[in-house]
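*Asks:* What follows is structure-v5.tsv; its format and atoms are TSV, C-alpha atoms and all ligand atoms.
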chain	number	residue	atom	x	y	z
H	1	MET	CA	19.81	11.57	-43.16
H	2	SER	CA	18.55	8.17	-41.95
H	3	GLU	CA	15.32	8.06	-39.94
H	4	LYS	CA	15.90	7.04	-36.33
H	5	VAL	CA	13.96	4.06	-34.98
H	6	TYR	CA	14.31	3.30	-31.28
H	7	TYR	CA	14.04	-0.23	-29.92
H	8	ILE	CA	13.70	-1.68	-26.44
H	9	PRO	CA	13.52	-5.44	-25.74
H	10	LEU	CA	10.23	-6.31	-24.02
H	11	SER	CA	8.07	-9.32	-23.28
H	12	VAL	CA	4.45	-9.70	-22.16
H	13	ASP	CA	5.68	-11.98	-19.39
H	14	GLU	CA	7.55	-9.18	-17.63
H	15	PRO	CA	5.98	-7.65	-14.49
H	16	GLY	CA	3.58	-4.75	-15.13
H	17	ASP	CA	5.81	-2.15	-13.47
H	18	THR	CA	8.80	-3.21	-15.60
H	19	ILE	CA	6.70	-2.90	-18.76
H	20	GLU	CA	5.55	0.54	-17.66
H	21	LYS	CA	9.12	1.71	-16.98
H	22	LYS	CA	10.34	0.41	-20.34
H	23	ILE	CA	7.53	2.07	-22.30
H	24	LYS	CA	8.17	5.39	-20.56
H	25	LYS	CA	11.91	5.06	-21.20
H	26	LEU	CA	11.31	4.31	-24.90
H	27	PHE	CA	8.99	7.32	-25.23
H	28	LYS	CA	11.51	9.62	-23.57
H	29	ARG	CA	14.62	8.40	-25.41
H	30	SER	CA	12.92	8.51	-28.80
H	31	ASN	CA	11.85	12.10	-28.10
H	32	LEU	CA	8.30	11.31	-29.21
H	33	GLY	CA	7.14	14.04	-26.85
H	34	LYS	CA	8.13	16.69	-29.38
H	35	CYS	CA	4.92	15.89	-31.34
H	36	PHE	CA	2.69	16.78	-28.41
H	37	GLU	CA	2.18	20.19	-26.82
H	38	SER	CA	0.18	21.25	-23.81
H	39	ARG	CA	-3.57	21.42	-24.60
H	40	ASP	CA	-3.26	19.18	-27.65
H	41	VAL	CA	-6.17	16.77	-27.98
H	42	VAL	CA	-4.24	13.59	-28.80
H	43	GLY	CA	-5.76	10.49	-30.38
H	44	ILE	CA	-4.03	7.29	-29.27
H	45	LYS	CA	-4.78	4.85	-32.11
H	46	LEU	CA	-5.00	1.26	-30.95
H	47	HIS	CA	-6.80	-2.01	-31.64
H	48	ILE	CA	-8.77	-3.38	-28.71
H	49	GLY	CA	-8.93	-6.89	-30.23
H	50	GLU	CA	-12.07	-8.52	-31.62
H	51	GLU	CA	-14.15	-10.52	-29.16
H	52	GLY	CA	-12.38	-13.78	-28.29
H	53	VAL	CA	-8.87	-12.45	-29.02
H	54	ILE	CA	-6.54	-12.76	-26.04
H	55	THR	CA	-3.28	-11.71	-27.68
H	56	ALA	CA	-4.07	-8.08	-28.57
H	57	LEU	CA	-2.44	-5.26	-26.62
H	58	ARG	CA	-3.75	-5.00	-23.08
H	59	PRO	CA	-4.62	-1.75	-21.27
H	60	HIS	CA	-1.42	-1.71	-19.18
H	61	PHE	CA	0.59	-1.15	-22.38
H	62	ILE	CA	-1.46	1.97	-23.10
H	63	LYS	CA	-1.72	3.42	-19.59
H	64	PRO	CA	1.92	4.69	-19.41
H	65	LEU	CA	1.47	6.53	-22.71
H	66	VAL	CA	-1.71	8.18	-21.49
H	67	ALA	CA	0.07	9.17	-18.27
H	68	ILE	CA	2.95	10.83	-20.14
H	69	LEU	CA	0.58	12.78	-22.37
H	70	ARG	CA	-1.55	13.91	-19.45
H	71	LYS	CA	1.55	15.04	-17.57
H	72	SER	CA	2.48	17.16	-20.60
H	73	GLY	CA	-0.88	18.93	-20.37
H	74	CYS	CA	-2.43	17.07	-23.33
H	75	HIS	CA	-5.96	15.67	-23.51
H	76	PRO	CA	-5.47	12.09	-24.75
H	77	PHE	CA	-8.25	9.80	-25.93
H	78	LEU	CA	-8.11	6.19	-27.11
H	79	THR	CA	-9.46	5.62	-30.58
H	80	ASP	CA	-10.06	3.28	-33.50
H	81	THR	CA	-12.53	3.00	-36.38
H	82	ASN	CA	-15.42	0.62	-36.95
H	83	VAL	CA	-14.87	-2.44	-39.12
H	84	LEU	CA	-16.72	-3.72	-42.18
H	85	TYR	CA	-17.42	-7.24	-41.06
H	86	LYS	CA	-19.92	-8.65	-38.59
H	87	GLY	CA	-18.59	-8.65	-35.07
H	88	LYS	CA	-18.38	-6.49	-31.99
H	89	ARG	CA	-16.61	-3.52	-33.59
H	90	ASN	CA	-19.03	-2.96	-36.44
H	91	ASN	CA	-20.65	0.14	-34.90
H	92	ALA	CA	-19.62	2.62	-32.20
H	93	VAL	CA	-22.01	1.33	-29.51
H	94	ASP	CA	-20.79	-2.28	-29.64
H	95	HIS	CA	-17.22	-1.12	-30.19
H	96	ILE	CA	-17.19	0.97	-27.01
H	97	LEU	CA	-18.85	-1.82	-25.02
H	98	LEU	CA	-16.17	-4.26	-26.21
H	99	ALA	CA	-13.42	-1.75	-25.41
H	100	HIS	CA	-14.69	-1.61	-21.84
H	101	LYS	CA	-15.05	-5.39	-21.67
H	102	HIS	CA	-11.40	-5.68	-22.73
H	103	GLY	CA	-10.39	-3.29	-19.96
H	104	PHE	CA	-9.93	-0.07	-21.95
H	105	THR	CA	-11.85	1.98	-19.41
H	106	ILE	CA	-11.03	5.44	-18.07
H	107	GLU	CA	-10.26	3.81	-14.71
H	108	ASN	CA	-7.70	1.42	-16.23
H	109	THR	CA	-6.05	3.67	-18.79
H	110	GLY	CA	-6.76	7.28	-17.78
H	111	ALA	CA	-8.47	8.15	-21.08
H	112	PRO	CA	-11.89	7.65	-22.71
H	113	PHE	CA	-12.41	5.50	-25.79
H	114	VAL	CA	-13.83	7.49	-28.73
H	115	VAL	CA	-14.70	5.88	-32.06
H	116	ALA	CA	-12.96	7.95	-34.73
H	117	ASP	CA	-15.43	7.48	-37.59
H	118	GLY	CA	-18.69	7.87	-35.69
H	119	LEU	CA	-21.68	5.69	-34.98
H	120	ILE	CA	-21.64	3.69	-38.21
H	121	GLY	CA	-18.33	4.57	-39.83
H	122	ARG	CA	-19.54	7.49	-41.91
H	123	ASN	CA	-17.90	10.45	-40.15
H	124	GLU	CA	-15.03	11.22	-42.47
H	125	VAL	CA	-12.94	13.97	-44.02
H	126	GLU	CA	-11.65	13.74	-47.60
H	127	VAL	CA	-7.90	14.38	-47.66
H	128	GLU	CA	-6.12	15.24	-50.89
H	129	ILE	CA	-3.14	12.98	-51.69
H	130	ASN	CA	-2.92	12.93	-55.52
H	131	CYS	CA	-1.58	9.38	-55.80
H	132	GLU	CA	-1.82	6.60	-58.40
H	133	ASN	CA	-5.02	5.01	-57.05
H	134	TYR	CA	-6.70	7.95	-55.35
H	135	LYS	CA	-6.62	11.71	-55.60
H	136	LYS	CA	-8.45	11.99	-52.25
H	137	VAL	CA	-8.98	9.48	-49.43
H	138	PRO	CA	-11.73	9.42	-46.75
H	139	ILE	CA	-10.12	9.52	-43.29
H	140	ALA	CA	-11.96	9.09	-39.97
H	141	ALA	CA	-13.08	12.55	-38.85
H	142	GLU	CA	-11.72	12.41	-35.29
H	143	ALA	CA	-8.28	11.38	-36.56
H	144	VAL	CA	-8.27	14.56	-38.63
H	145	ASN	CA	-9.82	16.69	-35.87
H	146	ALA	CA	-7.30	15.56	-33.22
H	147	SER	CA	-4.41	18.01	-32.68
H	148	ALA	CA	-1.95	15.12	-32.79
H	149	LEU	CA	-1.83	11.32	-33.05
H	150	LEU	CA	0.11	8.63	-31.24
H	151	VAL	CA	-0.30	5.46	-33.30
H	152	VAL	CA	0.15	2.34	-31.18
H	153	THR	CA	0.47	-0.87	-33.18
H	154	HIS	CA	0.47	-4.54	-32.30
H	155	VAL	CA	2.43	-6.43	-34.97
H	156	THR	CA	0.72	-9.53	-36.39
H	157	GLY	CA	0.57	-11.34	-39.68
H	158	HIS	CA	-2.18	-10.35	-42.09
H	159	ILE	CA	-3.94	-12.58	-44.53
H	160	ALA	CA	-3.71	-10.20	-47.50
H	161	CYS	CA	-0.79	-7.89	-46.68
H	162	GLY	CA	1.48	-10.43	-45.00
H	163	LEU	CA	2.47	-7.90	-42.35
H	164	GLY	CA	-0.16	-6.26	-40.15
H	165	GLY	CA	2.10	-3.50	-38.87
H	166	THR	CA	2.31	0.25	-38.50
H	167	ILE	CA	1.33	1.19	-42.06
H	168	LYS	CA	-1.70	-1.08	-41.99
H	169	ASN	CA	-2.78	0.19	-38.57
H	170	LEU	CA	-2.54	3.72	-39.87
H	171	GLY	CA	-3.98	3.28	-43.37
H	172	MET	CA	-6.74	0.76	-42.89
H	173	GLY	CA	-7.19	1.54	-39.22
H	174	PHE	CA	-7.89	5.23	-39.74
H	175	SER	CA	-9.94	5.05	-42.93
H	176	SER	CA	-13.69	5.43	-42.66
H	177	ARG	CA	-16.07	2.73	-43.82
H	178	LYS	CA	-15.95	4.19	-47.34
H	179	GLY	CA	-12.15	4.11	-47.29
H	180	LYS	CA	-12.11	0.47	-46.22
H	181	LEU	CA	-14.56	-0.40	-48.97
H	182	HIS	CA	-12.35	1.38	-51.51
H	183	GLN	CA	-9.31	-0.52	-50.34
H	184	HIS	CA	-11.01	-3.88	-50.75
H	185	ALA	CA	-12.99	-3.13	-53.90
H	186	ASN	CA	-12.78	-5.47	-56.89
H	187	LEU	CA	-10.53	-8.05	-55.23
H	188	PRO	CA	-12.85	-11.04	-54.61
H	189	PRO	CA	-11.35	-14.31	-53.39
H	190	GLU	CA	-12.06	-17.66	-55.03
H	191	VAL	CA	-13.44	-20.94	-53.65
H	192	LEU	CA	-11.47	-24.14	-54.27
H	193	GLU	CA	-14.41	-26.47	-54.77
H	194	LEU	CA	-12.46	-29.65	-54.01
H	195	ASN	CA	-11.66	-28.43	-50.48
H	196	CYS	CA	-15.12	-27.05	-49.63
H	197	THR	CA	-17.07	-29.24	-47.18
H	198	GLY	CA	-20.19	-27.08	-47.28
H	199	CYS	CA	-19.93	-26.18	-43.58
H	200	GLU	CA	-21.39	-22.69	-44.30
H	201	VAL	CA	-19.21	-20.87	-41.76
H	202	CYS	CA	-18.15	-18.41	-44.48
H	203	ARG	CA	-21.73	-17.78	-45.56
H	204	ARG	CA	-22.82	-17.00	-42.01
H	205	TRP	CA	-19.90	-14.61	-41.39
H	206	CYS	CA	-19.81	-12.79	-44.75
H	207	PRO	CA	-20.63	-9.11	-44.03
H	208	SER	CA	-22.27	-8.47	-47.38
H	209	ASP	CA	-24.22	-11.68	-47.94
H	210	ALA	CA	-22.01	-12.42	-50.91
H	211	ILE	CA	-21.84	-16.18	-50.34
H	212	VAL	CA	-24.53	-18.65	-51.35
H	213	MET	CA	-24.48	-22.45	-51.21
H	214	ARG	CA	-24.92	-24.36	-54.46
H	215	ASN	CA	-24.81	-28.18	-54.35
H	216	ASN	CA	-23.31	-27.88	-50.86
H	217	ILE	CA	-20.41	-25.79	-52.15
H	218	ALA	CA	-19.81	-22.11	-51.27
H	219	VAL	CA	-20.13	-19.73	-54.21
H	220	ILE	CA	-18.99	-16.10	-54.02
H	221	ILE	CA	-21.14	-13.56	-55.84
H	222	GLU	CA	-18.47	-11.16	-57.05
H	223	GLU	CA	-20.79	-8.16	-57.49
H	224	LYS	CA	-21.69	-8.30	-53.79
H	225	CYS	CA	-18.25	-9.19	-52.40
H	226	ILE	CA	-16.33	-6.36	-50.69
H	227	SER	CA	-13.15	-8.49	-50.56
H	228	CYS	CA	-12.79	-8.21	-46.79
H	229	GLY	CA	-11.06	-11.60	-46.59
H	230	GLU	CA	-13.14	-12.85	-43.66
H	231	CYS	CA	-14.17	-16.04	-45.47
H	232	ILE	CA	-10.51	-16.87	-46.11
H	233	ALA	CA	-9.57	-16.40	-42.50
H	234	LEU	CA	-12.50	-18.38	-41.14
H	235	CYS	CA	-12.51	-21.36	-43.50
H	236	ARG	CA	-10.85	-24.26	-41.68
H	237	TYR	CA	-10.46	-26.29	-44.87
H	238	ASP	CA	-8.31	-23.89	-46.94
H	239	ALA	CA	-11.13	-23.72	-49.44
H	240	VAL	CA	-11.00	-19.96	-50.03
H	241	SER	CA	-8.03	-17.90	-51.12
H	242	PHE	CA	-7.14	-14.59	-52.68
H	243	LYS	CA	-5.54	-14.45	-56.08
H	244	TRP	CA	-2.32	-13.66	-54.25
H	245	ASP	CA	-0.33	-12.23	-57.13
H	246	SER	CA	-2.65	-9.31	-57.79
H	247	THR	CA	-4.72	-8.89	-54.61
H	248	SER	CA	-1.97	-8.32	-52.11
H	249	GLU	CA	-0.11	-5.77	-54.22
H	250	ILE	CA	-3.19	-3.68	-54.96
H	251	LEU	CA	-4.42	-3.80	-51.36
H	252	GLN	CA	-1.03	-2.89	-49.88
H	253	LYS	CA	-0.73	0.10	-52.20
H	254	ARG	CA	-4.23	1.30	-51.43
H	255	ILE	CA	-3.56	1.02	-47.68
H	256	ALA	CA	-0.31	2.97	-48.03
H	257	GLU	CA	-2.19	5.76	-49.84
H	258	HIS	CA	-4.75	5.98	-47.02
H	259	ALA	CA	-1.90	6.04	-44.50
H	260	LEU	CA	-0.44	8.99	-46.41
H	261	GLY	CA	-3.82	10.71	-46.12
H	262	VAL	CA	-3.60	10.50	-42.33
H	263	THR	CA	-0.01	11.75	-42.10
H	264	LYS	CA	-0.81	14.67	-44.44
H	265	THR	CA	-3.14	16.04	-41.75
H	266	LYS	CA	-0.52	15.74	-39.00
H	267	LYS	CA	2.75	17.34	-40.06
H	268	ASP	CA	5.20	16.97	-37.13
H	269	LYS	CA	2.25	15.93	-34.95
H	270	ILE	CA	2.30	12.13	-35.27
H	271	GLY	CA	4.41	9.52	-33.52
H	272	PHE	CA	4.51	5.71	-33.60
H	273	VAL	CA	4.94	3.05	-30.92
H	274	THR	CA	4.91	-0.50	-32.28
H	275	PHE	CA	4.90	-3.64	-30.14
H	276	MET	CA	6.44	-6.90	-31.37
H	277	ILE	CA	4.89	-9.06	-28.68
H	278	ASN	CA	2.29	-11.83	-28.88
H	279	GLN	CA	2.85	-11.91	-32.64
H	280	THR	CA	0.11	-14.10	-34.05
H	281	GLY	CA	-0.12	-15.26	-37.66
H	282	GLU	CA	-3.49	-13.61	-38.11
H	283	CYS	CA	-4.52	-10.14	-37.05
H	284	ASP	CA	-6.49	-9.02	-33.98
H	285	CYS	CA	-9.68	-8.76	-36.05
H	286	MET	CA	-10.06	-12.54	-36.09
H	287	PRO	CA	-12.74	-13.49	-33.54
H	288	LYS	CA	-10.80	-16.35	-32.01
H	289	LYS	CA	-8.16	-17.35	-29.53
H	290	MET	CA	-4.75	-17.48	-31.25
H	291	LYS	CA	-1.24	-18.41	-30.20
H	292	PRO	CA	1.88	-16.33	-30.92
H	293	ILE	CA	4.03	-17.85	-33.65
H	294	LEU	CA	7.25	-16.11	-32.61
H	295	PRO	CA	8.79	-15.30	-29.23
H	296	ASP	CA	8.37	-11.69	-28.07
H	297	ILE	CA	10.91	-9.18	-29.33
H	298	GLY	CA	10.16	-5.74	-27.92
H	299	ALA	CA	8.82	-2.29	-28.75
H	300	LEU	CA	9.84	0.30	-31.35
H	301	ALA	CA	9.29	4.05	-31.51
H	302	GLY	CA	9.79	6.62	-34.24
H	303	PHE	CA	8.28	9.28	-36.46
H	304	ASP	CA	8.24	7.36	-39.73
H	305	PRO	CA	5.80	4.46	-40.29
H	306	VAL	CA	7.81	3.03	-43.21
H	307	ALA	CA	11.04	3.03	-41.23
H	308	VAL	CA	9.33	1.47	-38.21
H	309	ASP	CA	7.83	-1.37	-40.29
H	310	LYS	CA	11.16	-1.96	-42.05
H	311	ALA	CA	12.79	-2.23	-38.62
H	312	VAL	CA	10.04	-4.68	-37.54
H	313	LEU	CA	10.95	-7.05	-40.38
H	314	ASP	CA	14.72	-6.58	-40.04
H	315	ILE	CA	14.89	-7.08	-36.27
H	316	SER	CA	12.79	-10.22	-36.48
H	317	GLN	CA	14.96	-11.62	-39.28
H	318	ARG	CA	18.07	-10.85	-37.23
H	319	ILE	CA	16.78	-12.47	-34.04
H	320	HIS	CA	14.55	-15.29	-35.30
H	321	LYS	CA	15.74	-15.71	-38.92
H	322	THR	CA	12.14	-15.12	-39.98
H	323	ASP	CA	9.33	-12.65	-39.40
H	324	VAL	CA	5.65	-12.94	-38.64
H	325	SER	CA	4.65	-12.34	-42.26
H	326	ARG	CA	6.98	-14.86	-43.84
H	327	SER	CA	6.19	-17.45	-41.16
H	328	ALA	CA	2.42	-17.14	-41.55
H	329	PHE	CA	2.02	-16.20	-45.23
H	330	PRO	CA	5.15	-17.19	-47.16
H	331	ASN	CA	3.45	-16.48	-50.50
H	332	VAL	CA	2.88	-12.82	-49.70
H	333	ASP	CA	5.51	-10.11	-50.06
H	334	PRO	CA	4.93	-7.74	-47.11
H	335	THR	CA	7.45	-5.19	-48.36
H	336	ILE	CA	5.18	-3.87	-51.14
H	337	GLN	CA	3.50	-1.49	-48.66
H	338	LEU	CA	6.93	-0.32	-47.47
H	339	ARG	CA	8.45	0.25	-50.90
H	340	TYR	CA	5.33	1.91	-52.24
H	341	GLY	CA	5.05	3.94	-49.02
H	342	GLU	CA	8.53	5.31	-49.66
H	343	LYS	CA	7.66	6.06	-53.30
H	344	ILE	CA	4.61	8.18	-52.40
H	345	GLY	CA	6.32	10.06	-49.56
H	346	LEU	CA	4.87	8.23	-46.57
H	347	GLY	CA	8.33	7.57	-45.17
H	348	SER	CA	11.77	6.16	-45.74
H	349	LEU	CA	13.28	2.67	-45.88
H	350	ASP	CA	16.59	4.17	-44.81
H	351	TYR	CA	16.72	4.11	-41.03
H	352	ARG	CA	19.12	3.79	-38.14
H	353	LEU	CA	18.22	1.52	-35.25
H	354	ILE	CA	19.04	2.79	-31.78
H	355	GLU	CA	18.69	0.36	-28.91
H	356	VAL	CA	17.45	1.86	-25.67
H	357	VAL	CA	19.29	0.44	-22.65
C	401	LIG	S1	-16.06	-22.12	-44.69
C	401	LIG	FE1	-14.82	-23.17	-46.25
C	401	LIG	S2	-15.49	-25.27	-46.23
C	401	LIG	FE2	-17.06	-24.09	-45.16
C	401	LIG	S3	-18.54	-23.60	-46.77
C	401	LIG	FE3	-17.11	-21.90	-46.67
C	401	LIG	S4	-15.55	-22.38	-48.22
C	401	LIG	FE4	-16.68	-24.25	-47.83
C	402	LIG	S1	-14.25	-11.62	-49.03
C	402	LIG	FE1	-15.55	-13.35	-48.44
C	402	LIG	S2	-16.48	-12.70	-46.48
C	402	LIG	FE2	-15.68	-10.86	-47.47
C	402	LIG	S3	-17.39	-10.02	-48.64
C	402	LIG	FE3	-16.24	-11.33	-50.04
C	402	LIG	S4	-17.23	-13.31	-49.92
C	402	LIG	FE4	-17.91	-12.14	-48.13
What does this structure look like when you write it as structure tokens?
*Replies:*
Amino acid sequence: MSEKVYYIPLSVDEPGDTIEKKIKKLFKRSNLGKCFESRDVVGIKLHIGEEGVITALRPHFIKPLVAILRKSGCHPFLTDTNVLYKGKRNNAVDHILLAHKHGFTIENTGAPFVVADGLIGRNEVEVEINCENYKKVPIAAEAVNASALLVVTHVTGHIACGLGGTIKNLGMGFSSRKGKLHQHANLPPEVLELNCTGCEVCRRWCPSDAIVMRNNIAVIIEEKCISCGECIALCRYDAVSFKWDSTSEILQKRIAEHALGVTKTKKDKIGFVTFMINQTGECDCMPKKMKPILPDIGALAGFDPVAVDKAVLDISQRIHKTDVSRSAFPNVDPTIQLRYGEKIGLGSLDYRLIEVV
């Protein structure tokens, strides 16, 4: 039987009370509530946006979800993991401070923000998956400890995966520091010397000091590189790039395996709400102001991360004749994570879209 994915048209420009009503309606119609029972401690996975980002999800998109869960007798908390790169989400202290600065306070949302993988990203639980790349994957401890998860995703493009959607939010977003390092391991980018101006932005931002300057040209020391992709995203001269053919495929498969690790701990206790609004070409980890590259589409809800991401791409193609991945990174195939996700049992590409009116 096809997976059901529910869809409601929505735009960031709508009044706050309309957005709230639509989110509540989507939650109710999609029957997401069946994942959450009274007294469940529910992790609401989100991305607060790196410092400088103005297009990430805002607190008023999360507040209605917290309210529904609280009304059901649950104990919801907002959560995410620390990141590898330098920035304001690199450790739990700075991460929580930034969450508050971006308005994700108890007063604004009704729930506290708890970092899922601890102070420095080392609180993890190994989950057995027995897949091609990994037999076990390290998942953020509080994602495993939570009784249930509501994974809230903001759809963007992504420099290595093409699509930064539900699977990526789940797989990379809930892996501990070790998991993120595994996902990126052995995939160093390359510098196109002719384009490099020697500005050193990449060297200053590189989280593992893997870039040195030689004759005013950036050089990546492969043994030190953790393949995070930050230098690619930050270089304004297109002087750094992944070896697209191999990098994207390997990374997407590794992310899908980590996503499977999360879902394995939450049988019938995980739901997904995915927003196709403010869709920027690059993801919310980029420390800069970005502009959406597509008009807003709406929000989706379902129980299957593969089906939800397939619907993301299909709806966008139907409405805009393109999607955020193909518009921003035409050389990357974003469906690898979906097809591989189906192969390993993360979800199904076969879905039925139900519009909520
Ligand atoms: S950011 Fe780009 S142009 Fe600047 S040093 Fe690095 S590779 Fe060269
Ligand atoms: S991908 Fe670039 S920024 Fe990231 S560790 Fe490697 S050299 Fe540094």
*Asks:* Taking all atoms listed in the file into account, report as a short mmCIF file (atom, residue, chain, number, x, y, z; two decimals) with C-alpha atoms, in the coordinates of the input which residues have an atom no farther than 7 Å from an atom of ligand LIG 401 (chain C).
*Replies:*
data_model
loop_
_atom_site.label_atom_id
_atom_site.label_comp_id
_atom_site.auth_asym_id
_atom_site.auth_seq_id
_atom_site.Cartn_x
_atom_site.Cartn_y
_atom_site.Cartn_z
CA VAL H 191 -13.44 -20.94 -53.65
CA ASN H 195 -11.66 -28.43 -50.48
CA CYS H 196 -15.12 -27.05 -49.63
CA THR H 197 -17.07 -29.24 -47.18
CA GLY H 198 -20.19 -27.08 -47.28
CA CYS H 199 -19.93 -26.18 -43.58
CA GLU H 200 -21.39 -22.69 -44.30
CA VAL H 201 -19.21 -20.87 -41.76
CA CYS H 202 -18.15 -18.41 -44.48
CA ARG H 203 -21.73 -17.78 -45.56
CA ILE H 217 -20.41 -25.79 -52.15
CA ALA H 218 -19.81 -22.11 -51.27
CA CYS H 231 -14.17 -16.04 -45.47
CA LEU H 234 -12.50 -18.38 -41.14
CA CYS H 235 -12.51 -21.36 -43.50
CA ARG H 236 -10.85 -24.26 -41.68
CA TYR H 237 -10.46 -26.29 -44.87
CA ASP H 238 -8.31 -23.89 -46.94
CA ALA H 239 -11.13 -23.72 -49.44
CA VAL H 240 -11.00 -19.96 -50.03
#
*Asks:* Determine the nearest neighbour of H:Glu128 from the options H:Lys101, H:His60, H:Lys45, H:Lys264, counting all atoms listed in the file.
*Replies:*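 Checking each of H:Lys101, H:His60, H:Lys45, H:Lys264 against H:Glu128, counting all atoms listed in the file, the winner is H:Lys264.
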*Asks:* Give the residue list for ligand LIG 402 (chain C) at 9 Å, counting all atoms listed in the file, as a PyMOL selection string, sorted by chain and then by residue number.
*Replies:* chain H and resi 84-85+184+187-190+202-211+219-222+224-234+240+242
*Asks:* If we draw a sphere of 10 Å around (-2.2, 4.9, -43.8), which residues have at least one atom in it when counting all atoms listed in the file? Please report them as a ChimeraX atom specification.
*Replies:* /H:137,139,166-175,252-264,305,337,341,346
*Asks:* Would you export the selected residues with C-alpha atoms as a CSV table (one decimal), keeping the file's coordinate frame, please?
*Replies:*
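This went into part-v9.csv:
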chain,number,residue,atom,x,y,z
H,137,VAL,CA,-9.0,9.5,-49.4
H,139,ILE,CA,-10.1,9.5,-43.3
H,166,THR,CA,2.3,0.2,-38.5
H,167,ILE,CA,1.3,1.2,-42.1
H,168,LYS,CA,-1.7,-1.1,-42.0
H,169,ASN,CA,-2.8,0.2,-38.6
H,170,LEU,CA,-2.5,3.7,-39.9
H,171,GLY,CA,-4.0,3.3,-43.4
H,172,MET,CA,-6.7,0.8,-42.9
H,173,GLY,CA,-7.2,1.5,-39.2
H,174,PHE,CA,-7.9,5.2,-39.7
H,175,SER,CA,-9.9,5.0,-42.9
H,252,GLN,CA,-1.0,-2.9,-49.9
H,253,LYS,CA,-0.7,0.1,-52.2
H,254,ARG,CA,-4.2,1.3,-51.4
H,255,ILE,CA,-3.6,1.0,-47.7
H,256,ALA,CA,-0.3,3.0,-48.0
H,257,GLU,CA,-2.2,5.8,-49.8
H,258,HIS,CA,-4.8,6.0,-47.0
H,259,ALA,CA,-1.9,6.0,-44.5
H,260,LEU,CA,-0.4,9.0,-46.4
H,261,GLY,CA,-3.8,10.7,-46.1
H,262,VAL,CA,-3.6,10.5,-42.3
H,263,THR,CA,0.0,11.8,-42.1
H,264,LYS,CA,-0.8,14.7,-44.4
H,305,PRO,CA,5.8,4.5,-40.3
H,337,GLN,CA,3.5,-1.5,-48.7
H,341,GLY,CA,5.0,3.9,-49.0
H,346,LEU,CA,4.9,8.2,-46.6
*Asks:* Could you list, as a CSV table (one decimal) with C-alpha atoms, in the coordinates of the input, every residue within 6 Å of H:Pro292, counting all atoms listed in the file and ignoring same-chain residues fewer than 4 positions away?
*Replies:*
chain,number,residue,atom,x,y,z
H,278,ASN,CA,2.3,-11.8,-28.9
H,279,GLN,CA,2.8,-11.9,-32.6
H,280,THR,CA,0.1,-14.1,-34.0
*Asks:* For a test of reading the model, state the distance in Å between atom CA of H:Lys22 and atom CA of H:His158, rounded to one decimal.
*Replies:*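 Those two atoms sit 27.3 Å apart.
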